[in-house]
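target-v3.cif, holding mmCIF, C-alpha atoms:
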data_model
#
loop_
_atom_site.label_atom_id
_atom_site.label_comp_id
_atom_site.auth_asym_id
_atom_site.auth_seq_id
_atom_site.Cartn_x
_atom_site.Cartn_y
_atom_site.Cartn_z
CA MET R 1 146.57 -35.64 105.79
CA ASN R 2 144.97 -32.41 104.69
CA PRO R 3 142.65 -32.60 101.69
CA THR R 4 143.95 -31.03 98.55
CA PRO R 5 142.12 -28.01 97.11
CA LEU R 6 140.60 -30.28 94.50
CA GLN R 7 139.31 -32.70 97.14
CA ARG R 8 137.79 -29.79 99.07
CA ALA R 9 136.15 -28.53 95.95
CA LEU R 10 134.81 -31.96 95.07
CA SER R 11 133.39 -32.47 98.53
CA ALA R 12 131.43 -29.22 98.17
CA ALA R 13 130.38 -29.94 94.60
CA PRO R 14 126.64 -30.46 93.98
CA GLU R 15 125.21 -33.84 93.02
CA ARG R 16 123.69 -32.44 89.85
CA ALA R 17 123.59 -29.24 87.85
CA PRO R 18 121.67 -26.58 89.76
CA ALA R 19 118.36 -25.64 88.20
CA ALA R 20 118.71 -22.52 86.11
CA LYS R 21 117.05 -19.54 87.73
CA PRO R 22 114.11 -18.38 85.62
CA ARG R 23 114.82 -15.00 84.07
CA ALA R 24 112.21 -12.40 84.82
CA GLU R 25 110.69 -11.28 81.53
CA GLN R 26 107.96 -9.01 80.25
CA GLU R 27 106.01 -9.43 77.03
CA PHE R 28 105.85 -6.52 74.62
CA PHE R 29 103.95 -5.91 71.40
CA SER R 30 106.49 -4.51 68.97
CA PHE R 31 106.02 -2.59 65.75
CA GLU R 32 107.78 -0.13 63.47
CA LEU R 33 106.68 3.40 62.81
CA GLY R 34 108.61 6.01 60.84
CA GLY R 35 111.80 3.95 61.11
CA LEU R 36 111.50 3.59 64.90
CA ARG R 37 111.15 0.24 66.68
CA ILE R 38 108.60 0.62 69.43
CA GLY R 39 107.30 -1.82 72.01
CA ILE R 40 104.38 -1.47 74.37
CA PRO R 41 103.32 -3.90 77.11
CA SER R 42 101.26 -6.66 75.51
CA GLU R 43 98.48 -6.26 78.10
CA ASN R 44 97.82 -2.83 76.54
CA VAL R 45 97.06 -4.29 73.09
CA ARG R 46 93.69 -5.76 72.19
CA GLU R 47 93.93 -6.45 68.46
CA VAL R 48 95.47 -5.41 65.15
CA LEU R 49 93.43 -4.25 62.17
CA ARG R 50 93.78 -2.63 58.77
CA ALA R 51 93.51 1.14 58.70
CA GLY R 52 90.00 1.98 57.52
CA PRO R 53 88.46 5.31 56.54
CA LEU R 54 89.03 8.04 59.12
CA THR R 55 86.73 10.88 60.08
CA PRO R 56 88.82 13.94 60.98
CA LEU R 57 87.78 15.76 64.14
CA PRO R 58 87.64 19.54 64.29
CA ARG R 59 89.97 21.33 66.67
CA SER R 60 91.76 18.22 67.79
CA PRO R 61 95.50 18.05 68.45
CA SER R 62 97.62 17.14 65.41
CA PHE R 63 98.48 13.70 66.82
CA LEU R 64 94.78 12.81 66.83
CA LEU R 65 94.14 12.03 63.17
CA GLY R 66 90.44 11.43 63.60
CA VAL R 67 88.20 8.55 64.54
CA THR R 68 87.41 5.23 62.94
CA GLY R 69 84.56 2.83 63.52
CA HIS R 70 85.40 -0.75 64.48
CA ARG R 71 82.98 -3.43 65.66
CA GLY R 72 80.46 -0.80 66.69
CA GLU R 73 83.01 1.24 68.61
CA VAL R 74 84.30 4.74 67.82
CA LEU R 75 88.07 4.73 68.22
CA PRO R 76 90.28 7.82 68.22
CA VAL R 77 93.28 7.27 65.92
CA LEU R 78 96.66 8.32 67.29
CA ASP R 79 99.85 9.09 65.38
CA LEU R 80 102.59 8.34 67.89
CA LEU R 81 105.23 10.09 65.77
CA ARG R 82 103.39 13.39 66.04
CA PHE R 83 102.60 12.75 69.69
CA LEU R 84 106.27 12.16 70.49
CA GLY R 85 107.48 14.99 68.26
CA LYS R 86 109.32 12.59 65.93
CA GLY R 87 107.75 13.55 62.60
CA GLU R 88 104.50 12.26 61.21
CA ALA R 89 103.20 8.88 60.12
CA ARG R 90 102.26 8.18 56.51
CA ILE R 91 99.14 6.20 55.88
CA GLY R 92 99.44 3.68 53.04
CA SER R 93 97.80 0.47 51.94
CA ARG R 94 100.00 -1.55 54.32
CA THR R 95 99.41 0.67 57.33
CA ARG R 96 97.99 -1.15 60.34
CA LEU R 97 96.17 0.01 63.41
CA PHE R 98 96.47 -1.68 66.74
CA VAL R 99 93.80 -1.17 69.35
CA GLY R 100 95.51 -0.06 72.54
CA ILE R 101 93.76 -0.02 75.89
CA SER R 102 94.50 1.31 79.35
CA GLY R 103 91.70 1.24 81.90
CA SER R 104 88.68 2.86 80.30
CA TYR R 105 90.73 4.56 77.57
CA VAL R 106 90.85 2.87 74.17
CA ALA R 107 92.55 4.18 71.04
CA ALA R 108 93.70 2.91 67.66
CA VAL R 109 97.37 3.57 66.97
CA LEU R 110 99.08 3.69 63.58
CA ALA R 111 101.89 1.25 62.77
CA ASP R 112 103.87 0.86 59.52
CA THR R 113 104.56 -2.82 60.24
CA VAL R 114 103.72 -5.05 63.15
CA ALA R 115 106.49 -7.38 64.37
CA GLY R 116 104.36 -9.20 66.96
CA LEU R 117 104.95 -10.23 70.54
CA THR R 118 108.42 -10.42 72.00
CA ARG R 119 109.58 -11.43 75.49
CA VAL R 120 112.19 -9.10 76.92
CA PRO R 121 114.28 -10.07 79.99
CA LEU R 122 113.86 -7.31 82.55
CA SER R 123 117.65 -7.23 82.98
CA ASP R 124 117.97 -6.16 79.32
CA ILE R 125 115.80 -3.08 79.79
CA MET R 126 117.95 0.01 80.17
CA PRO R 127 116.54 3.18 81.71
CA PRO R 128 115.54 5.98 79.32
CA PRO R 129 118.25 8.55 78.61
CA VAL R 130 118.59 11.11 81.41
CA GLY R 131 117.52 14.65 80.58
CA GLY R 132 115.69 13.48 77.50
CA ASP R 133 112.90 15.25 75.64
CA PHE R 134 109.13 14.87 75.88
CA SER R 135 109.31 11.47 74.22
CA THR R 136 111.61 10.02 76.89
CA ASP R 137 109.08 11.06 79.56
CA HIS R 138 106.83 8.42 78.06
CA LEU R 139 109.42 5.63 77.89
CA LEU R 140 109.61 2.67 80.21
CA GLY R 141 113.12 1.99 78.93
CA VAL R 142 115.12 0.92 75.92
CA VAL R 143 116.53 -2.40 74.77
CA GLN R 144 119.73 -2.66 72.75
CA PRO R 145 119.62 -5.81 70.60
CA ALA R 146 122.53 -8.21 71.27
CA ALA R 147 123.47 -8.45 67.58
CA GLY R 148 123.42 -4.73 67.02
CA GLY R 149 120.53 -3.36 65.05
CA GLN R 150 118.01 -0.82 66.08
CA ILE R 151 117.09 0.05 69.63
CA LEU R 152 113.67 -1.04 70.83
CA SER R 153 111.98 1.82 72.65
CA LEU R 154 109.50 0.60 75.25
CA LEU R 155 106.59 2.99 75.67
CA ASN R 156 104.55 3.57 78.79
CA PHE R 157 101.28 3.29 76.90
CA SER R 158 99.05 4.12 79.86
CA LYS R 159 100.91 7.40 80.28
CA VAL R 160 100.67 8.09 76.53
CA LEU R 161 96.88 7.75 76.60
CA GLN R 162 96.60 9.82 79.76
CA THR R 163 98.69 12.65 78.30
CA ALA R 164 96.86 12.44 74.96
CA ARG R 165 93.54 12.90 76.72
CA GLN R 166 94.81 15.80 78.82
CA ARG R 167 96.20 17.53 75.73
CA ALA R 168 92.99 16.95 73.77
CA VAL R 169 90.52 18.22 76.36
CA SER R 170 92.61 21.20 77.47
CA ARG R 171 92.38 22.80 74.04
CA MET Y 1 52.65 -17.28 72.98
CA SER Y 2 55.51 -15.42 71.37
CA THR Y 3 56.48 -11.98 72.56
CA VAL Y 4 56.97 -9.25 70.03
CA PRO Y 5 60.42 -7.65 70.45
CA GLU Y 6 60.25 -4.00 71.36
CA PRO Y 7 61.08 -1.82 68.37
CA THR Y 8 64.45 -0.09 68.62
CA PRO Y 9 63.89 3.63 68.96
CA ASN Y 10 64.96 5.68 65.98
CA VAL Y 11 65.99 9.25 65.35
CA GLU Y 12 66.07 11.22 62.12
CA LEU Y 13 69.39 12.75 61.18
CA LEU Y 14 69.82 15.43 58.56
CA LEU Y 15 73.15 14.98 56.78
CA PHE Y 16 74.92 17.97 55.29
CA GLU Y 17 78.27 18.88 53.77
CA ILE Y 18 80.77 21.56 54.58
CA ALA Y 19 84.01 21.65 52.56
CA ASP Y 20 83.73 17.98 51.48
CA ALA Y 21 83.15 16.73 55.01
CA VAL Y 22 79.80 15.23 55.99
CA TYR Y 23 78.13 16.00 59.30
CA GLY Y 24 74.80 15.15 60.86
CA VAL Y 25 72.30 16.96 63.04
CA ASP Y 26 69.07 15.95 64.74
CA ALA Y 27 66.58 16.70 61.97
CA SER Y 28 64.04 17.90 64.55
CA GLN Y 29 66.36 20.85 65.30
CA VAL Y 30 66.13 22.09 61.70
CA ARG Y 31 63.19 24.42 61.16
CA ARG Y 32 63.89 24.88 57.45
CA ILE Y 33 66.61 24.91 54.82
CA ASP Y 34 67.14 28.28 53.26
CA ARG Y 35 69.63 30.42 51.39
CA PRO Y 36 72.24 31.75 53.83
CA GLY Y 37 71.56 35.24 55.14
CA PRO Y 38 74.12 37.83 56.26
CA HIS Y 39 74.15 36.45 59.81
CA ALA Y 40 74.66 32.81 58.89
CA ILE Y 41 77.17 31.20 61.23
CA VAL Y 42 80.37 29.75 59.82
CA ARG Y 43 82.24 27.50 62.22
CA PRO Y 44 85.83 27.33 60.93
CA GLU Y 45 86.38 24.14 62.95
CA LEU Y 46 83.90 22.38 60.66
CA GLY Y 47 85.50 23.80 57.53
CA ILE Y 48 84.79 26.88 55.42
CA PRO Y 49 81.87 26.32 53.03
CA HIS Y 50 83.07 26.41 49.40
CA ARG Y 51 79.72 27.16 47.87
CA ASN Y 52 77.90 28.53 50.90
CA ALA Y 53 74.78 27.44 49.10
CA ARG Y 54 72.42 26.61 51.94
CA ALA Y 55 71.75 27.41 55.55
CA LEU Y 56 70.23 25.18 58.19
CA VAL Y 57 67.79 27.36 60.08
CA PHE Y 58 67.20 26.41 63.70
CA VAL Y 59 65.70 27.88 66.86
CA THR Y 60 67.74 29.28 69.73
CA PRO Y 61 66.54 30.98 72.94
CA GLU Y 62 67.51 34.30 71.29
CA GLY Y 63 65.64 33.65 68.04
CA GLU Y 64 66.52 31.93 64.80
CA GLY Y 65 70.06 30.88 63.98
CA GLU Y 66 71.56 29.79 60.66
CA LEU Y 67 74.48 27.53 59.96
CA ALA Y 68 76.02 28.02 56.50
CA VAL Y 69 76.64 24.74 54.68
CA ASP Y 70 77.59 23.67 51.16
CA GLY Y 71 74.73 21.29 50.64
CA VAL Y 72 72.20 18.99 52.24
CA ARG Y 73 72.41 15.25 51.56
CA GLY Y 74 69.06 14.32 53.01
CA VAL Y 75 67.46 12.78 56.04
CA VAL Y 76 68.20 9.28 57.30
CA ASN Y 77 66.27 7.30 59.85
CA VAL Y 78 68.83 5.94 62.31
CA SER Y 79 68.52 3.37 65.05
CA PHE Y 80 69.84 4.32 68.49
CA ASP Y 81 72.12 1.28 68.19
CA GLU Y 82 74.13 3.11 65.54
CA LEU Y 83 74.80 6.19 67.68
CA ARG Y 84 77.80 6.65 69.93
CA ARG Y 85 79.06 9.29 72.32
CA LEU Y 86 82.45 10.78 71.48
CA PRO Y 87 85.48 9.02 72.97
CA PRO Y 88 86.95 10.99 75.93
CA VAL Y 89 90.08 12.06 74.03
CA THR Y 90 87.98 13.70 71.32
CA ARG Y 91 85.73 15.89 73.45
CA GLY Y 92 87.26 19.19 72.40
CA LEU Y 93 84.29 20.92 70.77
CA SER Y 94 81.17 21.87 72.69
CA PHE Y 95 78.88 21.44 69.67
CA ALA Y 96 80.23 18.02 68.63
CA VAL Y 97 77.90 15.68 70.47
CA GLY Y 98 78.46 12.21 69.07
CA MET Y 99 78.95 9.95 66.07
CA TRP Y 100 76.74 7.95 63.74
CA LEU Y 101 78.28 4.64 62.72
CA GLY Y 102 75.86 3.71 59.95
CA SER Y 103 77.94 5.15 57.09
CA ASP Y 104 81.20 3.89 55.53
CA ARG Y 105 82.98 6.10 58.05
CA PRO Y 106 81.79 7.62 61.34
CA ILE Y 107 79.76 10.81 60.86
CA LEU Y 108 80.25 13.59 63.40
CA LEU Y 109 76.98 14.80 64.92
CA ILE Y 110 76.52 18.50 65.67
CA ASP Y 111 74.16 20.27 68.05
CA LEU Y 112 72.87 23.26 66.07
CA PRO Y 113 71.87 25.66 68.92
CA GLU Y 114 75.26 24.99 70.51
CA THR Y 115 77.02 26.23 67.33
CA ALA Y 116 75.22 29.57 67.82
CA ARG Y 117 76.07 29.67 71.54
CA ALA Y 118 79.73 28.88 70.78
CA ALA Y 119 79.76 31.59 68.08
CA SER Y 120 78.43 34.25 70.49
CA ALA Y 121 80.86 33.12 73.21
CA ALA Y 122 83.72 33.48 70.73
CA LYS Y 123 82.55 37.03 69.86
CA GLU Y 124 82.34 38.00 73.55
CA HIS Y 125 85.88 36.76 74.18
CA HIS Y 126 87.28 38.43 71.09
CA VAL Y 127 89.63 41.29 72.02
CA PRO Y 128 89.97 43.77 69.15
CA ASP Y 129 93.53 44.38 68.08
CA HIS Y 130 94.05 48.15 67.80
CA SER Y 131 97.80 47.95 67.26
#
Hey, can you dump this file as structure tokens for me?
Amino acid sequence: MNPTPLQRALSAAPERAPAAKPRAEQEFFSFELGGLRIGIPSENVREVLRAGPLTPLPRSPSFLLGVTGHRGEVLPVLDLLRFLGKGEARIGSRTRLFVGISGSYVAAVLADTVAGLTRVPLSDIMPPPVGGDFSTDHLLGVVQPAAGGQILSLLNFSKVLQTARQRAVSR
Amino acid sequence: MSTVPEPTPNVELLLFEIADAVYGVDASQVRRIDRPGPHAIVRPELGIPHRNARALVFVTPEGEGELAVDGVRGVVNVSFDELRRLPPVTRGLSFAVGMWLGSDRPILLIDLPETARAASAAKEHHVPDHS
């Protein structure tokens, strides 16, 4: 007598629930600036600090607001909004700086608020919009939150620092 | 027997103001402080002096040079530990040579003869507009 479809299915059924496949994820440091939600790979962030007094630098690009001293180090201070052509950051009492690093390049970057570290499944990262502007050239991708809300733009921070240096020294 | 730690080498910086910003130079480069003459250099990148009250007189291979400033704050004795080179992304000006970290904010350090060299280079590259 031929087995029924159910019997066939049962004979092929596993003994126990298969182990869930781990989802590939990447950790990002996320913050808000000028109403934008931005994330950069956590390995590019060293620490977060309060914005201290800045020393403006002559003939520097507008996105380079000056330098600040921190733990015996001179850090250039970057305004990502100006760098990306998205307006300009406002410095207030709640403004934070995070120290970003890529290879031998280190810079302090302005943030209105710091959200912290977030793990993003790689499958949730959508490619940057095709034919975008200068800012999309520096994006790793974007993440649309499941419950709506604002898009998280993931920045290629190493490329940001590289471009910032090229634009600063070519003046 | 205890060893005496080697003294940290020091350098004297002369601090001055241009348009409310404070800068520093190696005091040994300053021959004297004078009233600005007709050929005193103004570097717009450092700001335009409001009062134009003083000039830092220094020596260049071509003779004396003068940098017009608003005022002189004085001379400070600074340990090498408090000096830093400029970060790579900030190296846009030939006469900006470094920073001093001993103040409440970093002070930009200027090479005086280089301000004169940069001023003459700018004059040589200036193309008069006859339109």
- request: Using only C-alpha atoms, determine which residues lie at most 7 Å from Leu64 of chain R, disregarding the query and same-chain residues fewer than 5 positions distant; provide the list as a PyMOL selection string.
  value: chain R and resi 76-79
Note to self: Should the cut-off be 10 Å, what would the residue list for chain Y against chain R look like, counting all atoms listed in the file, as a ChimeraX atom specification?
What the structure shows: /Y:21-22,43-47,81-93,96,98-108
Can I get the selection written as a compact mmCIF listing (two decimals), keeping the file's coordinate frame, with C-alpha atoms?
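Saved the output as out_33.txt:
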# COMPACT_ATOMS: atom_id res chain seq x y z
CA ALA Y 21 83.15 16.73 55.01
CA VAL Y 22 79.80 15.23 55.99
CA ARG Y 43 82.24 27.50 62.22
CA PRO Y 44 85.83 27.33 60.93
CA GLU Y 45 86.38 24.14 62.95
CA LEU Y 46 83.90 22.38 60.66
CA GLY Y 47 85.50 23.80 57.53
CA ASP Y 81 72.12 1.28 68.19
CA GLU Y 82 74.13 3.11 65.54
CA LEU Y 83 74.80 6.19 67.68
CA ARG Y 84 77.80 6.65 69.93
CA ARG Y 85 79.06 9.29 72.32
CA LEU Y 86 82.45 10.78 71.48
CA PRO Y 87 85.48 9.02 72.97
CA PRO Y 88 86.95 10.99 75.93
CA VAL Y 89 90.08 12.06 74.03
CA THR Y 90 87.98 13.70 71.32
CA ARG Y 91 85.73 15.89 73.45
CA GLY Y 92 87.26 19.19 72.40
CA LEU Y 93 84.29 20.92 70.77
CA ALA Y 96 80.23 18.02 68.63
CA GLY Y 98 78.46 12.21 69.07
CA MET Y 99 78.95 9.95 66.07
CA TRP Y 100 76.74 7.95 63.74
CA LEU Y 101 78.28 4.64 62.72
CA GLY Y 102 75.86 3.71 59.95
CA SER Y 103 77.94 5.15 57.09
CA ASP Y 104 81.20 3.89 55.53
CA ARG Y 105 82.98 6.10 58.05
CA PRO Y 106 81.79 7.62 61.34
CA ILE Y 107 79.76 10.81 60.86
CA LEU Y 108 80.25 13.59 63.40
*asked:* Just to confirm, what's the straight-line distance from atom CA of Val45 of chain R to atom CA of Thr118 of chain R in Å (one decimal)?
replied: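 Pair atom CA of Val45 of chain R / atom CA of Thr118 of chain R returns 13.0 Å.
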Need to verify the contact set: Leu67 of chain Y, 8 Å, all atoms listed in the file, exclusion of same-chain residues closer than 3 positions in sequence. Can you return it as a list in words?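 So the residues in contact are Pro36, Ala40, Ile41, Val42, Ala55, Leu56, Val57, Leu112 and Thr115 of chain Y.
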So that I have them on file, write out the residues from the current selection with C-alpha atoms, as a PDB file, in the frame of the given file.
ATOM      1  CA  PRO Y  36      72.240  31.750  53.830  1.00  0.00           C
ATOM      2  CA  ALA Y  40      74.660  32.810  58.890  1.00  0.00           C
ATOM      3  CA  ILE Y  41      77.170  31.200  61.230  1.00  0.00           C
ATOM      4  CA  VAL Y  42      80.370  29.750  59.820  1.00  0.00           C
ATOM      5  CA  ALA Y  55      71.750  27.410  55.550  1.00  0.00           C
ATOM      6  CA  LEU Y  56      70.230  25.180  58.190  1.00  0.00           C
ATOM      7  CA  VAL Y  57      67.790  27.360  60.080  1.00  0.00           C
ATOM      8  CA  LEU Y 112      72.870  23.260  66.070  1.00  0.00           C
ATOM      9  CA  THR Y 115      77.020  26.230  67.330  1.00  0.00           C
TER      10      THR Y 115
END
Across R:Glu43, R:Asp124, R:Asp137, R:Glu32, the smallest distance to Leu84 of chain R, with all atoms listed in the file counted, is shown by R:Asp137
- request: Neighbourhood query: residues within 8 Å of (104.7, 9.9, 78.9), file coordinates, counting all atoms listed in the file; return as JSON, numbers by chain.
  value: {"R": [134, 135, 136, 137, 138, 139, 155, 156, 157, 159, 160, 163]}
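Take atom CA of Arg96 of chain R and atom CA of Val109 of chain R: the distance between them is 8.2 Å.
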